[in-house]
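Novice: File name my_file17.pdb; file contents PDB, N, CA and C atoms; full text below.
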```pdb
MODEL        1
ATOM      1  N   MET A   1      36.109  16.583 -16.061
ATOM      2  CA  MET A   1      35.179  15.906 -15.198
ATOM      3  C   MET A   1      34.902  16.796 -13.986
ATOM      4  N   SER A   2      33.608  16.954 -13.664
ATOM      5  CA  SER A   2      33.271  17.802 -12.526
ATOM      6  C   SER A   2      33.406  17.015 -11.234
ATOM      7  N   ARG A   3      33.773  17.706 -10.211
ATOM      8  CA  ARG A   3      33.936  17.022  -8.934
ATOM      9  C   ARG A   3      32.588  16.929  -8.218
ATOM     10  N   PRO A   4      32.372  15.911  -7.415
ATOM     11  CA  PRO A   4      31.084  15.742  -6.724
ATOM     12  C   PRO A   4      30.873  16.825  -5.678
ATOM     13  N   LEU A   5      29.601  17.137  -5.457
ATOM     14  CA  LEU A   5      29.255  18.147  -4.461
ATOM     15  C   LEU A   5      29.485  17.598  -3.057
ATOM     16  N   PRO A   6      29.868  18.443  -2.123
ATOM     17  CA  PRO A   6      29.959  17.988  -0.732
ATOM     18  C   PRO A   6      28.574  17.586  -0.230
ATOM     19  N   ILE A   7      28.516  16.748   0.758
ATOM     20  CA  ILE A   7      27.252  16.215   1.294
ATOM     21  C   ILE A   7      26.305  17.328   1.715
ATOM     22  N   SER A   8      26.814  18.362   2.377
ATOM     23  CA  SER A   8      25.947  19.430   2.869
ATOM     24  C   SER A   8      25.251  20.155   1.715
ATOM     25  N   SER A   9      25.932  20.348   0.586
ATOM     26  CA  SER A   9      25.330  21.021  -0.569
ATOM     27  C   SER A   9      24.230  20.178  -1.180
ATOM     28  N   VAL A  10      24.433  18.878  -1.256
ATOM     29  CA  VAL A  10      23.421  17.991  -1.820
ATOM     30  C   VAL A  10      22.162  18.017  -0.958
ATOM     31  N   GLN A  11      22.356  18.012   0.359
ATOM     32  CA  GLN A  11      21.204  18.039   1.251
ATOM     33  C   GLN A  11      20.449  19.348   1.122
ATOM     34  N   GLN A  12      21.155  20.449   0.921
ATOM     35  CA  GLN A  12      20.498  21.741   0.785
ATOM     36  C   GLN A  12      19.682  21.800  -0.493
ATOM     37  N   VAL A  13      20.208  21.268  -1.592
ATOM     38  CA  VAL A  13      19.492  21.290  -2.863
ATOM     39  C   VAL A  13      18.232  20.450  -2.777
ATOM     40  N   SER A  14      18.302  19.276  -2.173
ATOM     41  CA  SER A  14      17.128  18.419  -2.097
ATOM     42  C   SER A  14      16.102  18.966  -1.111
ATOM     43  N   ALA A  15      16.534  19.748  -0.127
ATOM     44  CA  ALA A  15      15.619  20.278   0.877
ATOM     45  C   ALA A  15      14.728  21.374   0.309
ATOM     46  N   ARG A  16      15.253  22.180  -0.577
ATOM     47  CA  ARG A  16      14.430  23.237  -1.170
ATOM     48  C   ARG A  16      14.048  22.853  -2.592
ATOM     49  N   SER A  17      12.997  23.458  -3.095
ATOM     50  CA  SER A  17      12.580  23.121  -4.447
ATOM     51  C   SER A  17      13.547  23.742  -5.445
ATOM     52  N   ILE A  18      13.804  23.012  -6.499
ATOM     53  CA  ILE A  18      14.730  23.487  -7.523
ATOM     54  C   ILE A  18      13.969  24.431  -8.436
ATOM     55  N   MET A  19      14.487  25.644  -8.577
ATOM     56  CA  MET A  19      13.823  26.655  -9.385
ATOM     57  C   MET A  19      14.259  26.549 -10.839
ATOM     58  N   ALA A  20      13.429  27.102 -11.714
ATOM     59  CA  ALA A  20      13.746  27.122 -13.136
ATOM     60  C   ALA A  20      14.911  28.072 -13.384
ATOM     61  N   ASN A  21      15.672  27.770 -14.411
ATOM     62  CA  ASN A  21      16.836  28.594 -14.729
ATOM     63  C   ASN A  21      16.570  29.594 -15.839
ATOM     64  N   THR A  22      15.824  29.184 -16.859
ATOM     65  CA  THR A  22      15.619  30.067 -18.002
ATOM     66  C   THR A  22      14.394  30.945 -17.802
ATOM     67  N   LYS A  23      14.358  32.023 -18.564
ATOM     68  CA  LYS A  23      13.243  32.964 -18.474
ATOM     69  C   LYS A  23      11.927  32.284 -18.867
ATOM     70  N   SER A  24      11.966  31.453 -19.899
ATOM     71  CA  SER A  24      10.755  30.783 -20.358
ATOM     72  C   SER A  24      10.266  29.746 -19.340
ATOM     73  N   ALA A  25      11.206  29.073 -18.681
ATOM     74  CA  ALA A  25      10.819  28.094 -17.670
ATOM     75  C   ALA A  25      10.209  28.782 -16.453
ATOM     76  N   LYS A  26      10.718  29.965 -16.103
ATOM     77  CA  LYS A  26      10.151  30.729 -14.997
ATOM     78  C   LYS A  26       8.728  31.163 -15.322
ATOM     79  N   LYS A  27       8.532  31.600 -16.558
ATOM     80  CA  LYS A  27       7.194  32.016 -16.983
ATOM     81  C   LYS A  27       6.244  30.814 -16.974
ATOM     82  N   ALA A  28       6.718  29.681 -17.453
ATOM     83  CA  ALA A  28       5.891  28.470 -17.461
ATOM     84  C   ALA A  28       5.497  28.081 -16.041
ATOM     85  N   ALA A  29       6.424  28.207 -15.106
ATOM     86  CA  ALA A  29       6.119  27.887 -13.704
ATOM     87  C   ALA A  29       5.050  28.822 -13.151
ATOM     88  N   ARG A  30       5.128  30.107 -13.506
ATOM     89  CA  ARG A  30       4.100  31.064 -13.060
ATOM     90  C   ARG A  30       2.742  30.702 -13.648
ATOM     91  N   GLN A  31       2.729  30.344 -14.934
ATOM     92  CA  GLN A  31       1.467  30.000 -15.589
ATOM     93  C   GLN A  31       0.863  28.738 -14.982
ATOM     94  N   ILE A  32       1.704  27.771 -14.697
ATOM     95  CA  ILE A  32       1.224  26.525 -14.103
ATOM     96  C   ILE A  32       0.589  26.795 -12.742
ATOM     97  N   THR A  33       1.227  27.646 -11.949
ATOM     98  CA  THR A  33       0.687  27.988 -10.633
ATOM     99  C   THR A  33      -0.680  28.648 -10.766
ATOM    100  N   ARG A  34      -0.790  29.564 -11.716
ATOM    101  CA  ARG A  34      -2.057  30.266 -11.933
ATOM    102  C   ARG A  34      -3.139  29.300 -12.400
ATOM    103  N   ARG A  35      -2.823  28.437 -13.357
ATOM    104  CA  ARG A  35      -3.802  27.497 -13.895
ATOM    105  C   ARG A  35      -4.227  26.481 -12.832
ATOM    106  N   THR A  36      -3.287  26.082 -11.968
ATOM    107  CA  THR A  36      -3.603  25.133 -10.910
ATOM    108  C   THR A  36      -4.657  25.715  -9.985
ATOM    109  N   ALA A  37      -4.512  26.984  -9.633
ATOM    110  CA  ALA A  37      -5.487  27.640  -8.753
ATOM    111  C   ALA A  37      -6.862  27.704  -9.420
ATOM    112  N   ILE A  38      -6.881  28.038 -10.698
ATOM    113  CA  ILE A  38      -8.148  28.127 -11.433
ATOM    114  C   ILE A  38      -8.803  26.754 -11.526
ATOM    115  N   ASN A  39      -8.006  25.732 -11.844
ATOM    116  CA  ASN A  39      -8.552  24.386 -11.987
ATOM    117  C   ASN A  39      -9.059  23.838 -10.663
ATOM    118  N   LYS A  40      -8.380  24.160  -9.560
ATOM    119  CA  LYS A  40      -8.851  23.719  -8.250
ATOM    120  C   LYS A  40     -10.217  24.327  -7.956
ATOM    121  N   SER A  41     -10.374  25.594  -8.292
ATOM    122  CA  SER A  41     -11.648  26.272  -8.070
ATOM    123  C   SER A  41     -12.752  25.616  -8.898
ATOM    124  N   ARG A  42     -12.455  25.359 -10.161
ATOM    125  CA  ARG A  42     -13.448  24.738 -11.038
ATOM    126  C   ARG A  42     -13.795  23.333 -10.567
ATOM    127  N   ARG A  43     -12.796  22.563 -10.125
ATOM    128  CA  ARG A  43     -13.030  21.201  -9.671
ATOM    129  C   ARG A  43     -13.889  21.204  -8.409
ATOM    130  N   SER A  44     -13.637  22.157  -7.515
ATOM    131  CA  SER A  44     -14.415  22.206  -6.286
ATOM    132  C   SER A  44     -15.853  22.649  -6.573
ATOM    133  N   ARG A  45     -16.047  23.551  -7.522
ATOM    134  CA  ARG A  45     -17.404  23.953  -7.917
ATOM    135  C   ARG A  45     -18.139  22.760  -8.523
ATOM    136  N   LEU A  46     -17.426  21.973  -9.329
ATOM    137  CA  LEU A  46     -18.009  20.781  -9.937
ATOM    138  C   LEU A  46     -18.455  19.795  -8.862
ATOM    139  N   ARG A  47     -17.597  19.547  -7.889
ATOM    140  CA  ARG A  47     -17.945  18.621  -6.808
ATOM    141  C   ARG A  47     -19.161  19.118  -6.031
ATOM    142  N   GLY A  48     -19.246  20.432  -5.841
ATOM    143  CA  GLY A  48     -20.359  21.010  -5.093
ATOM    144  C   GLY A  48     -21.696  20.804  -5.772
ATOM    145  N   VAL A  49     -21.767  21.038  -7.086
ATOM    146  CA  VAL A  49     -23.048  20.882  -7.780
ATOM    147  C   VAL A  49     -23.442  19.414  -7.863
ATOM    148  N   VAL A  50     -22.465  18.539  -8.031
ATOM    149  CA  VAL A  50     -22.765  17.100  -8.065
ATOM    150  C   VAL A  50     -23.245  16.642  -6.689
ATOM    151  N   ARG A  51     -22.634  17.156  -5.636
ATOM    152  CA  ARG A  51     -23.039  16.794  -4.275
ATOM    153  C   ARG A  51     -24.493  17.187  -4.013
ATOM    154  N   LYS A  52     -24.899  18.368  -4.491
ATOM    155  CA  LYS A  52     -26.279  18.806  -4.281
ATOM    156  C   LYS A  52     -27.268  17.845  -4.942
ATOM    157  N   VAL A  53     -26.944  17.403  -6.156
ATOM    158  CA  VAL A  53     -27.828  16.464  -6.853
ATOM    159  C   VAL A  53     -27.876  15.139  -6.093
ATOM    160  N   GLU A  54     -26.717  14.648  -5.687
ATOM    161  CA  GLU A  54     -26.666  13.358  -4.990
ATOM    162  C   GLU A  54     -27.389  13.416  -3.641
ATOM    163  N   GLU A  55     -27.294  14.542  -2.948
ATOM    164  CA  GLU A  55     -28.004  14.680  -1.671
ATOM    165  C   GLU A  55     -29.515  14.658  -1.883
ATOM    166  N   ALA A  56     -29.984  15.326  -2.951
ATOM    167  CA  ALA A  56     -31.420  15.341  -3.245
ATOM    168  C   ALA A  56     -31.899  13.946  -3.633
ATOM    169  N   ILE A  57     -31.080  13.221  -4.382
ATOM    170  CA  ILE A  57     -31.442  11.852  -4.772
ATOM    171  C   ILE A  57     -31.507  10.960  -3.533
ATOM    172  N   THR A  58     -30.502  11.082  -2.657
ATOM    173  CA  THR A  58     -30.464  10.276  -1.427
ATOM    174  C   THR A  58     -31.676  10.563  -0.540
ATOM    175  N   ALA A  59     -32.088  11.838  -0.502
ATOM    176  CA  ALA A  59     -33.256  12.210   0.299
ATOM    177  C   ALA A  59     -34.564  11.772  -0.356
ATOM    178  N   GLY A  60     -34.493  11.388  -1.633
ATOM    179  CA  GLY A  60     -35.701  10.968  -2.345
ATOM    180  C   GLY A  60     -36.552  12.132  -2.808
ATOM    181  N   ASP A  61     -35.989  13.313  -2.849
ATOM    182  CA  ASP A  61     -36.721  14.523  -3.234
ATOM    183  C   ASP A  61     -36.521  14.776  -4.727
ATOM    184  N   ARG A  62     -37.455  14.264  -5.536
ATOM    185  CA  ARG A  62     -37.310  14.359  -6.988
ATOM    186  C   ARG A  62     -37.324  15.805  -7.501
ATOM    187  N   PRO A  63     -38.241  16.674  -7.056
ATOM    188  CA  PRO A  63     -38.221  18.061  -7.557
ATOM    189  C   PRO A  63     -36.909  18.783  -7.232
ATOM    190  N   ALA A  64     -36.385  18.562  -6.035
ATOM    191  CA  ALA A  64     -35.103  19.184  -5.677
ATOM    192  C   ALA A  64     -33.973  18.607  -6.512
ATOM    193  N   ALA A  65     -34.035  17.304  -6.787
ATOM    194  CA  ALA A  65     -33.004  16.669  -7.611
ATOM    195  C   ALA A  65     -33.034  17.208  -9.034
ATOM    196  N   LEU A  66     -34.241  17.409  -9.561
ATOM    197  CA  LEU A  66     -34.368  17.968 -10.922
ATOM    198  C   LEU A  66     -33.840  19.395 -10.977
ATOM    199  N   ALA A  67     -34.155  20.186  -9.945
ATOM    200  CA  ALA A  67     -33.676  21.566  -9.900
ATOM    201  C   ALA A  67     -32.155  21.606  -9.787
ATOM    202  N   ALA A  68     -31.598  20.734  -8.948
ATOM    203  CA  ALA A  68     -30.143  20.685  -8.794
ATOM    204  C   ALA A  68     -29.482  20.189 -10.070
ATOM    205  N   MET A  69     -30.125  19.244 -10.749
ATOM    206  CA  MET A  69     -29.573  18.698 -11.993
ATOM    207  C   MET A  69     -29.575  19.748 -13.090
ATOM    208  N   ALA A  70     -30.570  20.631 -13.074
ATOM    209  CA  ALA A  70     -30.622  21.703 -14.075
ATOM    210  C   ALA A  70     -29.417  22.632 -13.951
ATOM    211  N   GLN A  71     -28.904  22.778 -12.730
ATOM    212  CA  GLN A  71     -27.695  23.588 -12.526
ATOM    213  C   GLN A  71     -26.433  22.760 -12.713
ATOM    214  N   ALA A  72     -26.507  21.485 -12.369
ATOM    215  CA  ALA A  72     -25.309  20.647 -12.391
ATOM    216  C   ALA A  72     -24.879  20.272 -13.810
ATOM    217  N   GLU A  73     -25.840  19.958 -14.661
ATOM    218  CA  GLU A  73     -25.468  19.487 -16.006
ATOM    219  C   GLU A  73     -24.631  20.495 -16.770
ATOM    220  N   PRO A  74     -25.035  21.777 -16.859
ATOM    221  CA  PRO A  74     -24.173  22.733 -17.566
ATOM    222  C   PRO A  74     -22.803  22.900 -16.899
ATOM    223  N   ALA A  75     -22.777  22.831 -15.574
ATOM    224  CA  ALA A  75     -21.502  22.980 -14.868
ATOM    225  C   ALA A  75     -20.568  21.808 -15.159
ATOM    226  N   ILE A  76     -21.127  20.605 -15.246
ATOM    227  CA  ILE A  76     -20.319  19.422 -15.540
ATOM    228  C   ILE A  76     -19.774  19.497 -16.963
ATOM    229  N   ILE A  77     -20.631  19.864 -17.899
ATOM    230  CA  ILE A  77     -20.195  19.967 -19.300
ATOM    231  C   ILE A  77     -19.160  21.081 -19.457
ATOM    232  N   ARG A  78     -19.363  22.197 -18.758
ATOM    233  CA  ARG A  78     -18.405  23.304 -18.808
ATOM    234  C   ARG A  78     -17.049  22.869 -18.266
ATOM    235  N   ALA A  79     -17.050  22.077 -17.198
ATOM    236  CA  ALA A  79     -15.798  21.576 -16.637
ATOM    237  C   ALA A  79     -15.071  20.704 -17.657
ATOM    238  N   ALA A  80     -15.830  19.940 -18.438
ATOM    239  CA  ALA A  80     -15.212  19.111 -19.472
ATOM    240  C   ALA A  80     -14.630  19.979 -20.581
ATOM    241  N   GLN A  81     -15.327  21.038 -20.946
ATOM    242  CA  GLN A  81     -14.829  21.939 -21.981
ATOM    243  C   GLN A  81     -13.551  22.643 -21.548
ATOM    244  N   LYS A  82     -13.419  22.886 -20.249
ATOM    245  CA  LYS A  82     -12.227  23.552 -19.723
ATOM    246  C   LYS A  82     -11.139  22.555 -19.332
ATOM    247  N   ASN A  83     -11.340  21.274 -19.682
ATOM    248  CA  ASN A  83     -10.367  20.205 -19.427
ATOM    249  C   ASN A  83     -10.103  19.973 -17.938
ATOM    250  N   VAL A  84     -11.101  20.228 -17.106
ATOM    251  CA  VAL A  84     -10.969  19.911 -15.689
ATOM    252  C   VAL A  84     -11.217  18.419 -15.502
ATOM    253  N   VAL A  85     -12.202  17.893 -16.226
ATOM    254  CA  VAL A  85     -12.462  16.455 -16.263
ATOM    255  C   VAL A  85     -12.534  16.045 -17.733
ATOM    256  N   HIS A  86     -12.363  14.759 -17.990
ATOM    257  CA  HIS A  86     -12.425  14.271 -19.364
ATOM    258  C   HIS A  86     -13.859  14.358 -19.876
ATOM    259  N   ARG A  87     -13.990  14.588 -21.168
ATOM    260  CA  ARG A  87     -15.294  14.736 -21.809
ATOM    261  C   ARG A  87     -16.185  13.524 -21.550
ATOM    262  N   ASN A  88     -15.626  12.336 -21.710
ATOM    263  CA  ASN A  88     -16.425  11.117 -21.512
ATOM    264  C   ASN A  88     -16.820  10.939 -20.053
ATOM    265  N   ALA A  89     -15.938  11.306 -19.144
ATOM    266  CA  ALA A  89     -16.249  11.202 -17.716
ATOM    267  C   ALA A  89     -17.398  12.143 -17.358
ATOM    268  N   ALA A  90     -17.405  13.327 -17.954
ATOM    269  CA  ALA A  90     -18.477  14.291 -17.697
ATOM    270  C   ALA A  90     -19.813  13.759 -18.220
ATOM    271  N   ARG A  91     -19.798  13.250 -19.435
ATOM    272  CA  ARG A  91     -21.029  12.698 -20.011
ATOM    273  C   ARG A  91     -21.539  11.511 -19.193
ATOM    274  N   ARG A  92     -20.610  10.677 -18.743
ATOM    275  CA  ARG A  92     -20.984   9.516 -17.934
ATOM    276  C   ARG A  92     -21.613   9.960 -16.618
ATOM    277  N   LYS A  93     -21.050  10.989 -16.000
ATOM    278  CA  LYS A  93     -21.573  11.504 -14.726
ATOM    279  C   LYS A  93     -22.989  12.049 -14.914
ATOM    280  N   VAL A  94     -23.201  12.819 -15.987
ATOM    281  CA  VAL A  94     -24.530  13.377 -16.270
ATOM    282  C   VAL A  94     -25.523  12.245 -16.507
ATOM    283  N   SER A  95     -25.120  11.255 -17.294
ATOM    284  CA  SER A  95     -26.002  10.144 -17.621
ATOM    285  C   SER A  95     -26.401   9.362 -16.376
ATOM    286  N   ARG A  96     -25.433   9.076 -15.521
ATOM    287  CA  ARG A  96     -25.718   8.291 -14.318
ATOM    288  C   ARG A  96     -26.602   9.056 -13.338
ATOM    289  N   LEU A  97     -26.364  10.364 -13.213
ATOM    290  CA  LEU A  97     -27.218  11.167 -12.339
ATOM    291  C   LEU A  97     -28.648  11.218 -12.876
ATOM    292  N   ALA A  98     -28.787  11.403 -14.205
ATOM    293  CA  ALA A  98     -30.116  11.463 -14.827
ATOM    294  C   ALA A  98     -30.838  10.141 -14.635
ATOM    295  N   HIS A  99     -30.121   9.044 -14.748
ATOM    296  CA  HIS A  99     -30.728   7.725 -14.575
ATOM    297  C   HIS A  99     -31.213   7.536 -13.141
ATOM    298  N   ARG A 100     -30.421   7.988 -12.179
ATOM    299  CA  ARG A 100     -30.818   7.873 -10.768
ATOM    300  C   ARG A 100     -32.038   8.736 -10.463
ATOM    301  N   ILE A 101     -32.129   9.918 -11.097
ATOM    302  CA  ILE A 101     -33.305  10.786 -10.909
ATOM    303  C   ILE A 101     -34.524  10.135 -11.533
ATOM    304  N   ALA A 102     -34.360   9.532 -12.698
ATOM    305  CA  ALA A 102     -35.485   8.864 -13.369
ATOM    306  C   ALA A 102     -36.010   7.721 -12.511
ATOM    307  N   LYS A 103     -35.126   7.025 -11.797
ATOM    308  CA  LYS A 103     -35.560   5.922 -10.934
ATOM    309  C   LYS A 103     -36.382   6.421  -9.742
ATOM    310  N   LEU A 104     -36.214   7.701  -9.368
ATOM    311  CA  LEU A 104     -36.996   8.254  -8.256
ATOM    312  C   LEU A 104     -38.480   8.345  -8.599
ATOM    313  N   ALA A 105     -38.790   8.505  -9.884
ATOM    314  CA  ALA A 105     -40.181   8.668 -10.315
ATOM    315  C   ALA A 105     -40.959   7.368 -10.155
ATOM    316  N   LYS A 106     -40.256   6.245 -10.155
ATOM    317  CA  LYS A 106     -40.945   4.951 -10.103
ATOM    318  C   LYS A 106     -41.291   4.556  -8.700
TER     319      LYS A 106
ENDMDL
END
```
How does the structure come out when it is put into structure tokens?

Specialist:
Amino acid sequence: MSRPLPISSVQQVSARSIMANTKSAKKAARQITRRTAINKSRRSRLRGVVRKVEEAITAGDRPAALAAMAQAEPAIIRAAQKNVVHRNAARRKVSRLAHRIAKLAK
């Protein structure tokens, strides 16, 4: 039976992040860090193109909304292909934006 750690050791372990022990776990941690950075970039690009479309819709500027949507739709679908957002969520976002642009024509 192992003896319990002294209080100071327990506090030190919880204060710092616990690192991986095996070589494969260390590699996985590196890959996760890299993928997280890439996914954050893709997610922020996605938010940016959607924001441009929504701003044009809010302003009531249909030509600007159509131009922004022409750039946003491929970016949204690409984000779904790269698993940044779910496929159905991407399709739903495109559909709702297109519907809002169509309402501007009326």

Novice: Give the helix (DSSP H, G or I) residues of chain A, as assigned by DSSP on the backbone, as a PyMOL selection string.

Specialist: chain A and resi 7-15+23-59+62-81+87-104

Novice: Have a look at atom CA of A:Lys40 and atom CA of A:Met19 and let me know their distance in Å, one decimal.

Specialist: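 Atom-to-atom, atom CA of A:Lys40 and atom CA of A:Met19 are spaced 22.9 Å apart.
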
Novice: Given the file shown, enumerate the residues that the PyMOL selection byres ((chain A and resi 100-103) around 7) captures and present them as a PyMOL selection string.

Specialist: chain A and resi 57+62+65-66+95-99+104-106

Novice: With N, CA and C atoms retained, export the selected residues as an mmCIF file, keeping the file's coordinate frame.

Specialist:
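The resulting result-v6.cif:
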```cif
data_model
loop_
_atom_site.group_PDB
_atom_site.id
_atom_site.type_symbol
_atom_site.label_atom_id
_atom_site.label_comp_id
_atom_site.auth_asym_id
_atom_site.auth_seq_id
_atom_site.Cartn_x
_atom_site.Cartn_y
_atom_site.Cartn_z
ATOM 1 N N ILE A 57 -31.080 13.221 -4.382
ATOM 2 C CA ILE A 57 -31.442 11.852 -4.772
ATOM 3 C C ILE A 57 -31.507 10.960 -3.533
ATOM 4 N N ARG A 62 -37.455 14.264 -5.536
ATOM 5 C CA ARG A 62 -37.310 14.359 -6.988
ATOM 6 C C ARG A 62 -37.324 15.805 -7.501
ATOM 7 N N ALA A 65 -34.035 17.304 -6.787
ATOM 8 C CA ALA A 65 -33.004 16.669 -7.611
ATOM 9 C C ALA A 65 -33.034 17.208 -9.034
ATOM 10 N N LEU A 66 -34.241 17.409 -9.561
ATOM 11 C CA LEU A 66 -34.368 17.968 -10.922
ATOM 12 C C LEU A 66 -33.840 19.395 -10.977
ATOM 13 N N SER A 95 -25.120 11.255 -17.294
ATOM 14 C CA SER A 95 -26.002 10.144 -17.621
ATOM 15 C C SER A 95 -26.401 9.362 -16.376
ATOM 16 N N ARG A 96 -25.433 9.076 -15.521
ATOM 17 C CA ARG A 96 -25.718 8.291 -14.318
ATOM 18 C C ARG A 96 -26.602 9.056 -13.338
ATOM 19 N N LEU A 97 -26.364 10.364 -13.213
ATOM 20 C CA LEU A 97 -27.218 11.167 -12.339
ATOM 21 C C LEU A 97 -28.648 11.218 -12.876
ATOM 22 N N ALA A 98 -28.787 11.403 -14.205
ATOM 23 C CA ALA A 98 -30.116 11.463 -14.827
ATOM 24 C C ALA A 98 -30.838 10.141 -14.635
ATOM 25 N N HIS A 99 -30.121 9.044 -14.748
ATOM 26 C CA HIS A 99 -30.728 7.725 -14.575
ATOM 27 C C HIS A 99 -31.213 7.536 -13.141
ATOM 28 N N LEU A 104 -36.214 7.701 -9.368
ATOM 29 C CA LEU A 104 -36.996 8.254 -8.256
ATOM 30 C C LEU A 104 -38.480 8.345 -8.599
ATOM 31 N N ALA A 105 -38.790 8.505 -9.884
ATOM 32 C CA ALA A 105 -40.181 8.668 -10.315
ATOM 33 C C ALA A 105 -40.959 7.368 -10.155
ATOM 34 N N LYS A 106 -40.256 6.245 -10.155
ATOM 35 C CA LYS A 106 -40.945 4.951 -10.103
ATOM 36 C C LYS A 106 -41.291 4.556 -8.700
#
```

Novice: If I take atom N of A:Leu46 and atom N of A:Ile77, how far is one from the other in Å, to one decimal?

Specialist: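 Between atom N of A:Leu46 and atom N of A:Ile77 the gap works out to 9.4 Å.
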
Novice: Which is closest to A:Ala79 among A:Arg51, A:Ala56, A:Ile38, A:Asp61, if we use only C-alpha atoms?

Specialist: A:Ile38
